[in-house]
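> Let me begin by handing over the structure; questions about it come next.
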Amino acid sequence: MLTPDGEVRAILRGKAKRGDDRAVVGDHVELSRPDDKGLWAIQSVNSRRNVLARGTPDRRRRRAIAANLDHLYVLVASTNPAPIPQLIDRLLVLAAADDIPASVILNKIDLDPGEAIGERMTSVGYPLHRVSAQSGEGLDALFAQLHSGVSAVAGPSGAGKSTLLNMLQPGLSLLTNPTSAGVERGKNTTVAAIMVPLAAGGFLVDTPGVSEIGLWGLDPTGLIDCFPEFAHLKGQCRFANCRHQVEPDCRVRAEAATDKARQSRYESYLTFANDLNALPETWE
Ligand SMILES: Nc1nc2c(ncn2[C@@H]2O[C@H](COP(=O)(O)OP(=O)(O)O)[C@@H](O)[C@H]2O)c(=O)[nH]1
Ligand SMILES: [Mg+2]
Ligand SMILES: [Zn+2]
């Protein structure tokens, strides 16, 4: 925990240990003074400005990963590995679901300019940083932004996160190996985010495993709000309860047909909407 007097270690106590009130990275908390053994304790968690959350294993609720973020950066490579549009959208939806501003970092532009994916994201309104963690191109502007506020970085492995963070601040990469954070594919993914103060200002939150996280727990009727290019059309479809799928006179579907980027984003919407509606019928 960071206190006005420096960094201290603290244990979780009472409410701060349980459920939605459980303290996560980025939380502002009330600490109690150290006991006679010198141990601080987190008594309670202050109300959050926003929270990056994932679905619980029962797929019904959401659980916090990190709180009070100023920005989420979705990091992908232009190639090797090829970017997966739906994965980018999944992360952007997670951020949008709690009004966390988000942008996309397109890495490895020394290998491939990544024009198609870059155009897809900018044409629906997302800020894009085109960078090469290898050659250094584009890093100054990106790092200037990372040096203020609390920024989280998430993306598929191999995209160059360790390389990028190591350019940002040598040594940081030690903290970003997802295997050490207990991430296991296929099982109930454990995600422990960590926050690191940056020497040049700002804080960086690493969120290993976020790319494998389901959107479960989001309200399907609010999903369209998480796609900024479609959100403003809500309420303008013929039916007030339009799910923007097969309903007649759907404004969202009509907008999706206007260009390739919107069509592709709309396909992500349909996939996520199906996931959200495919909740298990009974409790396990
Ligand atoms: N050509 C090129 N290779 C890169 C770039 N950034 C990272 N790499 C390489 O991509 C591979 C994966 O990078 P790494 O940082 O470990 O990815 P991570 O899994 O996201 O942490 C490594 O071999 C890096 O050297 C880049 O901008 N250009
Ligand atoms: Mg790595
Ligand atoms: Zn509609």
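Letters for chains follow the order of the structure tokens (A, B, ...), residue numbers begin at 1 for each chain, and ligand numbers begin at 1 in the order shown.
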Which residues come within 10 Å of stretch 239-246 of chain A, counting only C-alpha atoms, excluding same-chain residues fewer than 6 positions away, as a PyMOL selection string?

chain A and resi 220-224+252-254+266+269-270+273

> Create the file for the chosen residues now, containing N, CA and C atoms and written as a PDB file, in the first residue's frame.


```pdb
ATOM      1  N   PRO A 220     -27.016  -7.831 -20.984  1.00  0.00           N
ATOM      2  CA  PRO A 220     -27.031  -7.850 -22.454  1.00  0.00           C
ATOM      3  C   PRO A 220     -27.728  -6.633 -23.062  1.00  0.00           C
ATOM      4  N   THR A 221     -28.721  -6.079 -22.362  1.00  0.00           N
ATOM      5  CA  THR A 221     -29.429  -4.928 -22.942  1.00  0.00           C
ATOM      6  C   THR A 221     -28.532  -3.683 -22.959  1.00  0.00           C
ATOM      7  N   GLY A 222     -27.468  -3.707 -22.154  1.00  0.00           N
ATOM      8  CA  GLY A 222     -26.561  -2.563 -22.134  1.00  0.00           C
ATOM      9  C   GLY A 222     -25.337  -2.769 -23.011  1.00  0.00           C
ATOM     10  N   LEU A 223     -25.245  -3.938 -23.644  1.00  0.00           N
ATOM     11  CA  LEU A 223     -24.040  -4.251 -24.420  1.00  0.00           C
ATOM     12  C   LEU A 223     -23.792  -3.244 -25.541  1.00  0.00           C
ATOM     13  N   ILE A 224     -24.848  -2.830 -26.198  1.00  0.00           N
ATOM     14  CA  ILE A 224     -24.683  -1.911 -27.333  1.00  0.00           C
ATOM     15  C   ILE A 224     -24.059  -0.588 -26.881  1.00  0.00           C
ATOM     16  N   VAL A 252     -29.192  -0.049 -35.667  1.00  0.00           N
ATOM     17  CA  VAL A 252     -27.817  -0.508 -35.439  1.00  0.00           C
ATOM     18  C   VAL A 252     -27.365  -1.392 -36.600  1.00  0.00           C
ATOM     19  N   ARG A 253     -28.243  -2.330 -36.994  1.00  0.00           N
ATOM     20  CA  ARG A 253     -27.892  -3.218 -38.103  1.00  0.00           C
ATOM     21  C   ARG A 253     -27.709  -2.417 -39.392  1.00  0.00           C
ATOM     22  N   ALA A 254     -28.535  -1.407 -39.562  1.00  0.00           N
ATOM     23  CA  ALA A 254     -28.417  -0.568 -40.765  1.00  0.00           C
ATOM     24  C   ALA A 254     -27.088   0.187 -40.764  1.00  0.00           C
ATOM     25  N   TYR A 266     -19.906  -5.011 -35.451  1.00  0.00           N
ATOM     26  CA  TYR A 266     -21.256  -5.521 -35.214  1.00  0.00           C
ATOM     27  C   TYR A 266     -21.227  -7.047 -35.042  1.00  0.00           C
ATOM     28  N   TYR A 269     -20.331  -7.651 -31.630  1.00  0.00           N
ATOM     29  CA  TYR A 269     -21.514  -7.400 -30.794  1.00  0.00           C
ATOM     30  C   TYR A 269     -22.409  -8.635 -30.754  1.00  0.00           C
ATOM     31  N   LEU A 270     -22.688  -9.218 -31.930  1.00  0.00           N
ATOM     32  CA  LEU A 270     -23.584 -10.384 -31.993  1.00  0.00           C
ATOM     33  C   LEU A 270     -22.995 -11.566 -31.225  1.00  0.00           C
ATOM     34  N   ALA A 273     -23.254 -10.800 -27.515  1.00  0.00           N
ATOM     35  CA  ALA A 273     -24.653 -10.851 -27.088  1.00  0.00           C
ATOM     36  C   ALA A 273     -25.083 -12.307 -26.906  1.00  0.00           C
TER      37      ALA A 273
END
```

> Ligand 1: which residues are within 6 Å, counting only C-alpha atoms and all ligand atoms, as a compact mmCIF listing (two decimals) with C-alpha atoms, in the first residue's frame?


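Output file result23.txt follows:
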```txt
# COMPACT_ATOMS: atom_id res chain seq x y z
CA ASN A 107 2.95 -2.81 -32.02
CA LYS A 108 5.50 -4.33 -34.44
CA ASP A 110 8.49 -2.38 -38.21
CA LEU A 111 7.27 -5.77 -39.48
CA SER A 132 7.50 -0.56 -32.62
CA ALA A 133 8.87 -1.63 -29.26
CA GLN A 134 11.85 -2.88 -31.24
CA SER A 157 0.77 -12.81 -25.20
CA GLY A 158 3.39 -12.37 -27.88
CA ALA A 159 2.13 -8.90 -28.82
CA GLY A 160 5.20 -7.37 -27.19
CA LYS A 161 4.06 -6.24 -23.79
CA SER A 162 7.24 -7.25 -21.97
CA THR A 163 9.39 -5.64 -24.65
```

> Considering only C-alpha atoms, return as a list in words whatever protein or nucleic-acid residues lie within 10 Å of A:Val153, sequence-local ones (same chain, fewer than 5 positions apart) excluded.

His71, Leu72, Tyr73, Val74, Leu75, Ala102, Ser103, Val104, Ile105, Leu146, Lys161, Leu165, Leu204, Val205, Asp206, Thr207, Pro208 and Val210 of chain A

> Would you return as a PyMOL selection string the members of stretch 50-169 of chain A that DSSP assigns to strand (DSSP E or B) on this structure's backbone?

chain A and resi 51-55+62-67+71-77+102-107+128-130+150-154

> I want to know what sits within 12 Å of A:Gly114, based on only C-alpha atoms, with residues of the same chain fewer than 6 positions away left out; could you give that as a compact mmCIF listing (two decimals) with N, CA and C atoms, in the first residue's frame?


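Output below, filename result03.txt:
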```
# COMPACT_ATOMS: atom_id res chain seq x y z
N VAL A 76 -1.87 -4.87 -29.14
CA VAL A 76 -1.81 -5.99 -30.08
C VAL A 76 -0.65 -5.78 -31.04
N ALA A 77 -0.24 -6.84 -31.70
CA ALA A 77 0.79 -6.73 -32.72
C ALA A 77 0.11 -6.67 -34.09
N SER A 78 0.76 -5.97 -35.02
CA SER A 78 0.22 -5.92 -36.38
C SER A 78 0.35 -7.28 -37.04
N THR A 79 1.32 -8.05 -36.60
CA THR A 79 1.55 -9.40 -37.12
C THR A 79 2.37 -10.17 -36.10
N ASN A 80 2.31 -11.50 -36.20
CA ASN A 80 3.20 -12.33 -35.38
C ASN A 80 3.10 -12.06 -33.88
N PRO A 81 1.98 -12.33 -33.23
CA PRO A 81 0.77 -12.96 -33.79
C PRO A 81 -0.17 -11.95 -34.44
N ALA A 82 -0.92 -12.42 -35.44
CA ALA A 82 -1.89 -11.55 -36.11
C ALA A 82 -2.93 -11.07 -35.10
N PRO A 83 -3.35 -9.82 -35.23
CA PRO A 83 -4.35 -9.30 -34.29
C PRO A 83 -5.71 -9.99 -34.50
N ILE A 84 -6.41 -10.24 -33.40
CA ILE A 84 -7.74 -10.84 -33.47
C ILE A 84 -8.76 -9.76 -33.09
N ILE A 105 -2.97 0.06 -28.78
CA ILE A 105 -1.57 0.16 -29.17
C ILE A 105 -1.32 -0.92 -30.22
N LEU A 106 -0.89 -0.48 -31.39
CA LEU A 106 -0.56 -1.42 -32.46
C LEU A 106 0.96 -1.51 -32.55
N ASN A 107 1.50 -2.63 -32.10
CA ASN A 107 2.95 -2.81 -32.02
C ASN A 107 3.48 -3.58 -33.24
N LYS A 108 4.79 -3.60 -33.36
CA LYS A 108 5.50 -4.33 -34.44
C LYS A 108 5.25 -3.72 -35.82
N ARG A 120 -9.62 -0.15 -38.94
CA ARG A 120 -10.83 -0.66 -38.28
C ARG A 120 -11.08 0.07 -36.96
N MET A 121 -10.01 0.25 -36.17
CA MET A 121 -10.17 0.83 -34.84
C MET A 121 -10.36 2.34 -34.88
N LEU A 128 -5.45 5.46 -31.60
CA LEU A 128 -4.51 4.39 -31.97
C LEU A 128 -3.08 4.87 -31.85
N HIS A 129 -2.26 4.08 -31.16
CA HIS A 129 -0.81 4.35 -31.12
C HIS A 129 -0.12 3.32 -31.97
N ARG A 130 0.50 3.76 -33.05
CA ARG A 130 1.25 2.83 -33.90
C ARG A 130 2.70 2.87 -33.44
N VAL A 131 3.20 1.76 -32.95
CA VAL A 131 4.54 1.75 -32.36
C VAL A 131 5.35 0.52 -32.77
N SER A 132 6.64 0.62 -32.56
CA SER A 132 7.50 -0.56 -32.62
C SER A 132 8.34 -0.56 -31.35
```

> At what distance in Å, to one decimal, does atom CA of A:Ser151 lie from atom CA of A:Ile88?

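Atom-to-atom, atom CA of A:Ile88 and atom CA of A:Ser151 are spaced 16.8 Å apart.
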
> Select, from A:Glu267, A:Gly155, A:Ala257, A:Pro228, the residue with the minimum atom-to-atom distance to ligand 2, counting only C-alpha atoms and all ligand atoms.

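Comparing A:Glu267, A:Gly155, A:Ala257, A:Pro228 against ligand 2, the winner is A:Gly155.
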
> When distances are computed from only C-alpha atoms and all ligand atoms, which of A:Asn46, A:Ile194, A:Asn166, A:Pro113 shows the smallest separation from ligand 2?

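Once distances to ligand 2 are computed over only C-alpha atoms and all ligand atoms, the minimum belongs to A:Asn166.
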